[in-house]
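Colleague: Hey, dropping target-v5.csv in here, CSV, C-alpha atoms:
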```csv
chain,number,residue,atom,x,y,z
A,7,MET,CA,0.0,0.0,0.0
A,8,TRP,CA,1.4,3.4,-1.0
A,9,LEU,CA,1.0,6.4,1.4
A,10,LEU,CA,0.8,10.0,0.5
A,11,PRO,CA,4.0,12.0,1.4
A,12,PRO,CA,3.5,14.2,4.4
A,13,LEU,CA,4.8,17.3,2.4
A,14,LEU,CA,1.4,17.5,0.6
A,15,LEU,CA,0.0,18.9,3.9
A,16,LEU,CA,1.8,22.2,3.3
A,17,PHE,CA,-0.6,23.1,0.5
A,18,VAL,CA,-3.9,22.7,2.2
A,19,PRO,CA,-5.8,25.7,3.9
A,20,GLY,CA,-4.5,26.1,7.4
A,21,SER,CA,-0.9,25.7,6.5
A,22,SER,CA,1.9,28.3,6.8
A,23,ALA,CA,2.2,28.4,3.0
A,24,ALA,CA,-1.1,30.4,2.9
A,25,ILE,CA,0.6,33.8,3.7
A,26,ARG,CA,4.0,35.3,3.3
A,27,GLY,CA,5.6,38.7,3.8
A,28,PRO,CA,9.0,40.4,4.1
A,29,GLU,CA,11.3,39.3,7.0
A,30,GLU,CA,12.1,42.8,7.9
A,31,VAL,CA,11.4,46.4,6.9
A,32,THR,CA,12.8,49.8,7.9
A,33,GLY,CA,11.3,53.2,8.1
A,34,PRO,CA,12.3,56.8,8.9
A,35,GLU,CA,11.3,58.4,12.2
A,36,GLN,CA,8.3,60.7,11.6
A,37,GLY,CA,8.0,59.1,8.1
A,38,TRP,CA,6.0,56.2,6.8
A,39,LEU,CA,6.5,52.6,5.6
A,40,THR,CA,4.5,50.0,3.7
A,41,VAL,CA,4.4,46.3,4.0
A,42,GLN,CA,2.9,43.9,1.4
A,43,CYS,CA,1.6,40.6,2.6
A,44,HIS,CA,0.9,38.0,-0.1
A,45,TYR,CA,-1.6,35.2,0.3
A,46,GLU,CA,-2.7,32.1,-1.7
A,47,PRO,CA,-5.8,32.1,-3.9
A,48,GLY,CA,-8.9,31.0,-2.0
A,49,TRP,CA,-8.4,33.4,1.0
A,50,GLU,CA,-9.9,36.5,-0.8
A,51,PRO,CA,-13.1,36.7,1.4
A,52,TYR,CA,-11.3,36.4,4.7
A,53,VAL,CA,-10.4,39.2,7.1
A,54,LYS,CA,-6.7,40.2,6.9
A,55,TYR,CA,-5.0,42.1,9.8
A,56,TRP,CA,-1.8,43.6,11.1
A,57,CYS,CA,-0.8,43.0,14.7
A,58,GLN,CA,2.1,43.9,17.0
A,59,GLY,CA,4.0,41.8,19.5
A,60,ALA,CA,6.8,39.3,19.6
A,61,GLU,CA,4.4,36.4,20.3
A,62,TRP,CA,1.9,35.4,17.6
A,63,SER,CA,-0.5,34.0,20.2
A,64,ASP,CA,-1.0,37.4,22.0
A,65,CYS,CA,-0.1,40.1,19.5
A,66,LYS,CA,-2.3,43.2,19.5
A,67,ILE,CA,-4.4,43.7,16.4
A,68,LEU,CA,-3.8,47.3,15.2
A,69,VAL,CA,-6.0,47.3,12.0
A,70,ARG,CA,-8.1,44.7,10.1
A,71,THR,CA,-9.9,44.6,6.8
A,72,ALA,CA,-13.7,44.3,6.6
A,73,ALA,CA,-13.3,41.3,4.3
A,74,SER,CA,-13.5,43.7,1.3
A,75,GLU,CA,-11.1,45.8,-0.7
A,76,TRP,CA,-11.9,49.0,1.0
A,77,GLU,CA,-9.1,50.7,2.9
A,78,VAL,CA,-9.5,50.7,6.7
A,79,LYS,CA,-7.5,53.2,8.8
A,80,GLU,CA,-7.0,53.0,12.6
A,81,ASP,CA,-4.9,55.7,14.3
A,82,ARG,CA,-1.6,55.8,12.3
A,83,VAL,CA,-2.0,52.4,10.5
A,84,SER,CA,-4.1,51.6,7.4
A,85,ILE,CA,-4.7,48.3,5.5
A,86,ARG,CA,-6.1,47.6,2.0
A,87,ASP,CA,-6.7,44.2,0.5
A,88,ASN,CA,-6.3,43.7,-3.3
A,89,GLN,CA,-8.1,40.5,-3.8
A,90,THR,CA,-7.3,40.2,-7.5
A,91,SER,CA,-3.5,40.3,-6.8
A,92,HIS,CA,-3.8,38.3,-3.5
A,93,VAL,CA,-1.9,40.9,-1.6
A,94,PHE,CA,-2.8,43.2,1.3
A,95,THR,CA,-0.9,46.4,2.0
A,96,VAL,CA,-0.3,47.9,5.4
A,97,THR,CA,0.9,51.5,5.8
A,98,MET,CA,2.3,52.9,9.1
A,99,GLU,CA,2.6,56.7,9.3
A,100,LYS,CA,4.2,59.2,11.6
A,101,LEU,CA,6.6,56.6,12.7
A,102,ARG,CA,8.3,56.7,16.1
A,103,ARG,CA,11.4,55.0,17.4
A,104,GLU,CA,9.2,53.0,19.8
A,105,ASP,CA,7.3,51.5,16.8
A,106,THR,CA,10.4,49.2,16.4
A,107,ASP,CA,9.0,45.7,17.1
A,108,THR,CA,7.8,42.5,15.6
A,109,TYR,CA,4.6,42.7,13.7
A,110,TRP,CA,2.5,40.0,12.0
A,111,CYS,CA,0.6,39.8,8.7
A,112,GLY,CA,-2.5,37.7,9.6
A,113,ILE,CA,-5.5,36.1,8.1
A,114,GLU,CA,-8.5,35.3,10.3
A,115,LYS,CA,-10.0,31.8,10.0
A,116,SER,CA,-11.6,29.2,12.2
A,117,GLY,CA,-9.1,27.5,14.5
A,118,THR,CA,-5.6,29.1,14.5
A,119,ASP,CA,-5.2,32.1,12.2
A,120,HIS,CA,-2.5,32.2,9.5
A,121,GLY,CA,0.4,34.6,10.3
A,122,VAL,CA,3.9,35.5,9.3
A,123,PRO,CA,6.2,37.8,11.4
A,124,VAL,CA,7.8,41.0,10.0
A,125,LYS,CA,10.5,42.8,12.0
A,126,VAL,CA,10.0,46.6,11.8
A,127,THR,CA,12.9,48.9,12.6
A,128,ILE,CA,12.5,52.7,12.8
A,129,GLY,CA,15.6,54.9,12.4
A,130,PRO,CA,16.5,58.6,12.7
A,131,VAL,CA,16.3,60.8,9.6
A,132,ILE,CA,19.6,62.3,8.6
A,133,ALA,CA,18.5,64.2,5.5
A,134,GLN,CA,15.4,65.0,3.5
A,135,CYS,CA,15.8,66.2,-0.1
A,136,HIS,CA,12.9,67.8,-2.1
A,137,TYR,CA,12.9,67.4,-5.9
A,138,GLY,CA,10.7,68.6,-8.7
A,139,GLN,CA,8.3,66.6,-10.9
A,140,LEU,CA,10.8,66.4,-13.7
A,141,TRP,CA,13.0,64.2,-11.6
A,142,GLU,CA,10.4,61.7,-10.5
A,143,SER,CA,11.5,59.0,-13.0
A,144,HIS,CA,15.2,59.4,-12.2
A,145,VAL,CA,17.3,57.2,-9.8
A,146,GLU,CA,18.0,59.0,-6.5
A,147,GLN,CA,21.3,58.2,-4.7
A,148,TRP,CA,22.9,58.9,-1.3
A,149,CYS,CA,26.6,58.8,-1.5
A,150,GLU,CA,29.7,59.5,0.6
A,151,GLY,CA,32.6,61.7,-0.4
A,152,VAL,CA,33.6,65.3,-1.0
A,153,ASP,CA,32.7,65.5,-4.7
A,154,GLY,CA,29.4,64.4,-6.3
A,155,SER,CA,31.1,63.0,-9.3
A,156,GLY,CA,33.5,60.8,-7.4
A,157,CYS,CA,31.5,59.8,-4.4
A,158,THR,CA,30.8,56.3,-3.2
A,159,VAL,CA,27.1,55.4,-3.6
A,160,LEU,CA,25.8,54.0,-0.3
A,161,VAL,CA,22.2,53.4,-1.5
A,162,GLN,CA,20.0,54.3,-4.4
A,163,SER,CA,16.3,54.3,-5.1
A,164,PRO,CA,13.8,52.8,-5.3
A,165,GLY,CA,13.5,51.4,-1.8
A,166,ALA,CA,17.1,50.1,-1.7
A,167,GLU,CA,18.8,49.4,1.6
A,168,GLN,CA,22.6,49.1,2.1
A,169,LYS,CA,24.0,47.6,5.3
A,170,GLY,CA,27.5,48.3,6.6
A,171,LYS,CA,29.2,46.9,9.7
A,172,ARG,CA,27.0,48.6,12.3
A,173,ARG,CA,24.6,50.9,10.4
A,174,ALA,CA,22.1,50.6,7.6
A,175,VAL,CA,21.2,53.5,5.3
A,176,TYR,CA,17.9,53.4,3.5
A,177,LEU,CA,15.8,55.7,1.3
A,178,SER,CA,12.1,56.3,1.1
A,179,GLN,CA,10.3,58.4,-1.4
A,180,LYS,CA,6.9,60.1,-1.1
A,181,GLU,CA,5.5,63.3,-2.5
A,182,ARG,CA,8.8,64.2,-4.3
A,183,MET,CA,10.8,64.0,-1.1
A,184,LEU,CA,13.7,61.6,-0.6
A,185,THR,CA,14.3,60.7,3.0
A,186,VAL,CA,17.6,59.2,4.1
A,187,ALA,CA,17.7,57.5,7.5
A,188,LEU,CA,20.1,55.3,9.6
A,189,HIS,CA,19.5,52.6,12.1
A,190,ASP,CA,21.7,50.3,14.2
A,191,TYR,CA,21.3,46.6,13.5
A,192,GLN,CA,22.9,43.3,14.3
A,193,PRO,CA,24.6,41.7,11.4
A,194,THR,CA,23.4,38.1,10.7
```
Mind turning the file's structure into structure tokens?

Modeller:
Amino acid sequence: MWLLPPLLLLFVPGSSAAIRGPEEVTGPEQGWLTVQCHYEPGWEPYVKYWCQGAEWSDCKILVRTAASEWEVKEDRVSIRDNQTSHVFTVTMEKLRREDTDTYWCGIEKSGTDHGVPVKVTIGPVIAQCHYGQLWESHVEQWCEGVDGSGCTVLVQSPGAEQKGKRRAVYLSQKERMLTVALHDYQPT
């Protein structure tokens, strides 16, 4: 008698394969960040949510969808589900250093919900550069050195992140403003 391999269980509803998101994201203090959480087809009508806390079993839900594609906003956090693309997007605004924590992309279901952790780190802003509409399609760069033509590029847009030995430099772009921020991190 032939038995089905146990790996087939990974693809049934209720498995951890139903949802995925980034392992970590960074954002600038007083700025904003977005997180995209992807889910498998079949979970479109379910409520999606964003919760905060190191432990999945008791994280605090900050915002949840209404099982529709309408954006829902609670305090400084909003969520919108694109059921055609199977992705829900969370935006956190007016970021504070104390927002640094573990968060979870979640899907409500009977039994144990689906969830995946996302480490969020908020760093201090070191520069903000405004630019005109004509420059929107160009690559923005943050570089180190005395001369713009011979400087060492540390990071460039869009959404790039460059990690050094003890610091990370990252860019975010919104409303024709480039924000450069630093945060301490532990190399892996």

Colleague: Can you tell me which residues surround Tyr109 (chain A) at a distance of at most 8 Å, considering all atoms listed in the file, apart from same-chain residues fewer than 5 positions away, and format the answer as a PDB file with C-alpha atoms, keeping the file's coordinate frame?

Modeller:
```
ATOM      1  CA  TRP A  56      -1.800  43.600  11.100  1.00  0.00           C
ATOM      2  CA  CYS A  57      -0.800  43.000  14.700  1.00  0.00           C
ATOM      3  CA  GLN A  58       2.100  43.900  17.000  1.00  0.00           C
ATOM      4  CA  GLY A  59       4.000  41.800  19.500  1.00  0.00           C
ATOM      5  CA  ALA A  60       6.800  39.300  19.600  1.00  0.00           C
ATOM      6  CA  CYS A  65      -0.100  40.100  19.500  1.00  0.00           C
ATOM      7  CA  PRO A 123       6.200  37.800  11.400  1.00  0.00           C
ATOM      8  CA  VAL A 124       7.800  41.000  10.000  1.00  0.00           C
ATOM      9  CA  LYS A 125      10.500  42.800  12.000  1.00  0.00           C
ATOM     10  CA  VAL A 126      10.000  46.600  11.800  1.00  0.00           C
TER      11      VAL A 126
END
```

Colleague: Closest to Cys149 (chain A) among A:Gln42, A:Tyr55, A:Ala133, A:Cys111, using only C-alpha atoms?

Modeller: A:Ala133

Colleague: Any idea what the distance is between CA of Tyr52 (chain A) and CA of Glu29 (chain A)?

Modeller: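 Calculated distance between CA of Tyr52 (chain A) and CA of Glu29 (chain A) is 22.9 Å.
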
Colleague: Restricting the calculation to only C-alpha atoms: of A:Glu75, A:Val122, A:Pro34, A:Gly48, which residue gets closest to Thr106 (chain A)?

Modeller: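 Ranked by minimum distance to Thr106 (chain A), first place goes to A:Pro34.
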
Colleague: List the neighbours of Gly33 (chain A) out to 7 Å using all atoms listed in the file; skip same-chain residues closer than 6 positions along the sequence, and give me the result as a list of chain:residue names.

Modeller: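 Listing them by chain and then by number gives A:Leu39, A:Thr127, A:Ile128, A:Gly129.
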
Colleague: In Å, how far is it from CA of Ser63 (chain A) to CA of Ile25 (chain A)?

Modeller: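 A separation of 16.5 Å between them.
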
Colleague: Write out as a list in words which residues come within 7 Å of Thr95 (chain A) when counting all atoms listed in the file, dropping same-chain ones fewer than 6 positions away.

Modeller: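 Those residues are Thr40, Val41, Gln42, Cys43, Ile85, Arg86 and Asp87 of chain A.
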
Colleague: Keeping only C-alpha atoms, take the residues you just selected and write them out as a PDB file, in the coordinates of the input.

Modeller:
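Written output follows (out_21.pdb):
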```pdb
ATOM      1  CA  THR A  40       4.500  50.000   3.700  1.00  0.00           C
ATOM      2  CA  VAL A  41       4.400  46.300   4.000  1.00  0.00           C
ATOM      3  CA  GLN A  42       2.900  43.900   1.400  1.00  0.00           C
ATOM      4  CA  CYS A  43       1.600  40.600   2.600  1.00  0.00           C
ATOM      5  CA  ILE A  85      -4.700  48.300   5.500  1.00  0.00           C
ATOM      6  CA  ARG A  86      -6.100  47.600   2.000  1.00  0.00           C
ATOM      7  CA  ASP A  87      -6.700  44.200   0.500  1.00  0.00           C
TER       8      ASP A  87
END
```

Colleague: What is the CA of Glu150 (chain A)-CA of Asp107 (chain A) distance in Å, reported with one decimal?

Modeller: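 So the two atoms, CA of Glu150 (chain A) and CA of Asp107 (chain A), lie 29.9 Å apart.
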
Colleague: Go through A:Val53, A:Val96, A:Ile67, A:Ile113 and flag the residue nearest Val31 (chain A), using all atoms listed in the file for the distances.

Modeller: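 Residue with the minimum atom-to-atom distance to Val31 (chain A): A:Val96.
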
Colleague: Nearest to Leu101 (chain A): which of A:Arg82, A:His136, A:His144, A:Lys115 is it, counting all atoms listed in the file?

Modeller: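 Going through A:Arg82, A:His136, A:His144, A:Lys115 one by one, the smallest distance to Leu101 (chain A) is for A:Arg82.
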
Colleague: Some atoms are absent from region 40-64 of chain A, so rebuild N, CA, C and O atoms and return them as a PDB file, keeping the file's coordinate frame.

Modeller:
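For reference, part_5.pdb as written:
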```
ATOM      1  N   THR A  40       5.557  50.939   4.155  1.00  0.00           N
ATOM      2  CA  THR A  40       4.500  50.000   3.700  1.00  0.00           C
ATOM      3  C   THR A  40       5.026  48.606   3.724  1.00  0.00           C
ATOM      4  O   THR A  40       6.217  48.370   3.521  1.00  0.00           O
ATOM      5  N   VAL A  41       4.119  47.691   3.987  1.00  0.00           N
ATOM      6  CA  VAL A  41       4.400  46.300   4.000  1.00  0.00           C
ATOM      7  C   VAL A  41       3.395  45.565   3.131  1.00  0.00           C
ATOM      8  O   VAL A  41       2.197  45.812   3.289  1.00  0.00           O
ATOM      9  N   GLN A  42       3.858  44.709   2.224  1.00  0.00           N
ATOM     10  CA  GLN A  42       2.900  43.900   1.400  1.00  0.00           C
ATOM     11  C   GLN A  42       2.964  42.479   1.872  1.00  0.00           C
ATOM     12  O   GLN A  42       4.023  41.871   1.947  1.00  0.00           O
ATOM     13  N   CYS A  43       1.776  41.963   2.165  1.00  0.00           N
ATOM     14  CA  CYS A  43       1.600  40.600   2.600  1.00  0.00           C
ATOM     15  C   CYS A  43       0.861  39.826   1.520  1.00  0.00           C
ATOM     16  O   CYS A  43      -0.249  40.205   1.148  1.00  0.00           O
ATOM     17  N   HIS A  44       1.464  38.787   0.998  1.00  0.00           N
ATOM     18  CA  HIS A  44       0.900  38.000  -0.100  1.00  0.00           C
ATOM     19  C   HIS A  44       0.198  36.765   0.461  1.00  0.00           C
ATOM     20  O   HIS A  44       0.677  36.163   1.415  1.00  0.00           O
ATOM     21  N   TYR A  45      -0.910  36.377  -0.161  1.00  0.00           N
ATOM     22  CA  TYR A  45      -1.600  35.200   0.300  1.00  0.00           C
ATOM     23  C   TYR A  45      -2.041  34.345  -0.927  1.00  0.00           C
ATOM     24  O   TYR A  45      -2.125  34.837  -2.053  1.00  0.00           O
ATOM     25  N   GLU A  46      -2.291  33.088  -0.679  1.00  0.00           N
ATOM     26  CA  GLU A  46      -2.700  32.100  -1.700  1.00  0.00           C
ATOM     27  C   GLU A  46      -4.113  32.365  -2.166  1.00  0.00           C
ATOM     28  O   GLU A  46      -4.939  32.800  -1.371  1.00  0.00           O
ATOM     29  N   PRO A  47      -4.429  32.060  -3.429  1.00  0.00           N
ATOM     30  CA  PRO A  47      -5.800  32.100  -3.900  1.00  0.00           C
ATOM     31  C   PRO A  47      -6.723  31.269  -2.993  1.00  0.00           C
ATOM     32  O   PRO A  47      -6.298  30.236  -2.488  1.00  0.00           O
ATOM     33  N   GLY A  48      -7.950  31.729  -2.813  1.00  0.00           N
ATOM     34  CA  GLY A  48      -8.900  31.000  -2.000  1.00  0.00           C
ATOM     35  C   GLY A  48      -9.146  31.764  -0.649  1.00  0.00           C
ATOM     36  O   GLY A  48     -10.136  31.531   0.031  1.00  0.00           O
ATOM     37  N   TRP A  49      -8.229  32.685  -0.294  1.00  0.00           N
ATOM     38  CA  TRP A  49      -8.400  33.400   1.000  1.00  0.00           C
ATOM     39  C   TRP A  49      -8.908  34.843   0.758  1.00  0.00           C
ATOM     40  O   TRP A  49      -8.941  35.635   1.691  1.00  0.00           O
ATOM     41  N   GLU A  50      -9.383  35.159  -0.444  1.00  0.00           N
ATOM     42  CA  GLU A  50      -9.900  36.500  -0.800  1.00  0.00           C
ATOM     43  C   GLU A  50     -10.968  36.989   0.210  1.00  0.00           C
ATOM     44  O   GLU A  50     -10.884  38.128   0.682  1.00  0.00           O
ATOM     45  N   PRO A  51     -11.997  36.209   0.522  1.00  0.00           N
ATOM     46  CA  PRO A  51     -13.100  36.700   1.400  1.00  0.00           C
ATOM     47  C   PRO A  51     -12.781  36.812   2.854  1.00  0.00           C
ATOM     48  O   PRO A  51     -13.612  37.283   3.625  1.00  0.00           O
ATOM     49  N   TYR A  52     -11.623  36.379   3.273  1.00  0.00           N
ATOM     50  CA  TYR A  52     -11.300  36.400   4.700  1.00  0.00           C
ATOM     51  C   TYR A  52     -10.746  37.705   5.178  1.00  0.00           C
ATOM     52  O   TYR A  52     -10.165  38.460   4.420  1.00  0.00           O
ATOM     53  N   VAL A  53     -10.915  37.976   6.460  1.00  0.00           N
ATOM     54  CA  VAL A  53     -10.400  39.200   7.100  1.00  0.00           C
ATOM     55  C   VAL A  53      -8.885  39.088   7.217  1.00  0.00           C
ATOM     56  O   VAL A  53      -8.362  38.074   7.680  1.00  0.00           O
ATOM     57  N   LYS A  54      -8.180  40.146   6.783  1.00  0.00           N
ATOM     58  CA  LYS A  54      -6.700  40.200   6.900  1.00  0.00           C
ATOM     59  C   LYS A  54      -6.435  41.284   8.011  1.00  0.00           C
ATOM     60  O   LYS A  54      -7.214  42.212   8.196  1.00  0.00           O
ATOM     61  N   TYR A  55      -5.298  41.146   8.698  1.00  0.00           N
ATOM     62  CA  TYR A  55      -5.000  42.100   9.800  1.00  0.00           C
ATOM     63  C   TYR A  55      -3.480  42.256   9.960  1.00  0.00           C
ATOM     64  O   TYR A  55      -2.673  41.491   9.452  1.00  0.00           O
ATOM     65  N   TRP A  56      -3.131  43.287  10.744  1.00  0.00           N
ATOM     66  CA  TRP A  56      -1.800  43.600  11.100  1.00  0.00           C
ATOM     67  C   TRP A  56      -1.732  43.737  12.609  1.00  0.00           C
ATOM     68  O   TRP A  56      -2.501  44.493  13.207  1.00  0.00           O
ATOM     69  N   CYS A  57      -0.880  42.927  13.252  1.00  0.00           N
ATOM     70  CA  CYS A  57      -0.800  43.000  14.700  1.00  0.00           C
ATOM     71  C   CYS A  57       0.617  43.139  15.184  1.00  0.00           C
ATOM     72  O   CYS A  57       1.557  42.847  14.457  1.00  0.00           O
ATOM     73  N   GLN A  58       0.767  43.610  16.403  1.00  0.00           N
ATOM     74  CA  GLN A  58       2.100  43.900  17.000  1.00  0.00           C
ATOM     75  C   GLN A  58       2.337  43.105  18.208  1.00  0.00           C
ATOM     76  O   GLN A  58       1.470  42.952  19.066  1.00  0.00           O
ATOM     77  N   GLY A  59       3.566  42.590  18.292  1.00  0.00           N
ATOM     78  CA  GLY A  59       4.000  41.800  19.500  1.00  0.00           C
ATOM     79  C   GLY A  59       4.862  40.663  19.069  1.00  0.00           C
ATOM     80  O   GLY A  59       4.661  40.062  18.014  1.00  0.00           O
ATOM     81  N   ALA A  60       5.827  40.343  19.892  1.00  0.00           N
ATOM     82  CA  ALA A  60       6.800  39.300  19.600  1.00  0.00           C
ATOM     83  C   ALA A  60       6.139  37.912  19.501  1.00  0.00           C
ATOM     84  O   ALA A  60       6.570  37.054  18.740  1.00  0.00           O
ATOM     85  N   GLU A  61       5.082  37.692  20.276  1.00  0.00           N
ATOM     86  CA  GLU A  61       4.400  36.400  20.300  1.00  0.00           C
ATOM     87  C   GLU A  61       3.152  36.397  19.479  1.00  0.00           C
ATOM     88  O   GLU A  61       2.252  37.209  19.720  1.00  0.00           O
ATOM     89  N   TRP A  62       3.066  35.503  18.516  1.00  0.00           N
ATOM     90  CA  TRP A  62       1.900  35.400  17.600  1.00  0.00           C
ATOM     91  C   TRP A  62       0.618  35.167  18.442  1.00  0.00           C
ATOM     92  O   TRP A  62      -0.416  35.737  18.134  1.00  0.00           O
ATOM     93  N   SER A  63       0.686  34.380  19.488  1.00  0.00           N
ATOM     94  CA  SER A  63      -0.500  34.000  20.200  1.00  0.00           C
ATOM     95  C   SER A  63      -1.161  35.175  20.989  1.00  0.00           C
ATOM     96  O   SER A  63      -2.341  35.124  21.304  1.00  0.00           O
ATOM     97  N   ASP A  64      -0.397  36.254  21.260  1.00  0.00           N
ATOM     98  CA  ASP A  64      -1.000  37.400  22.000  1.00  0.00           C
ATOM     99  C   ASP A  64      -0.621  38.737  21.406  1.00  0.00           C
ATOM    100  O   ASP A  64      -0.540  39.723  22.129  1.00  0.00           O
TER     101      ASP A  64
END
```
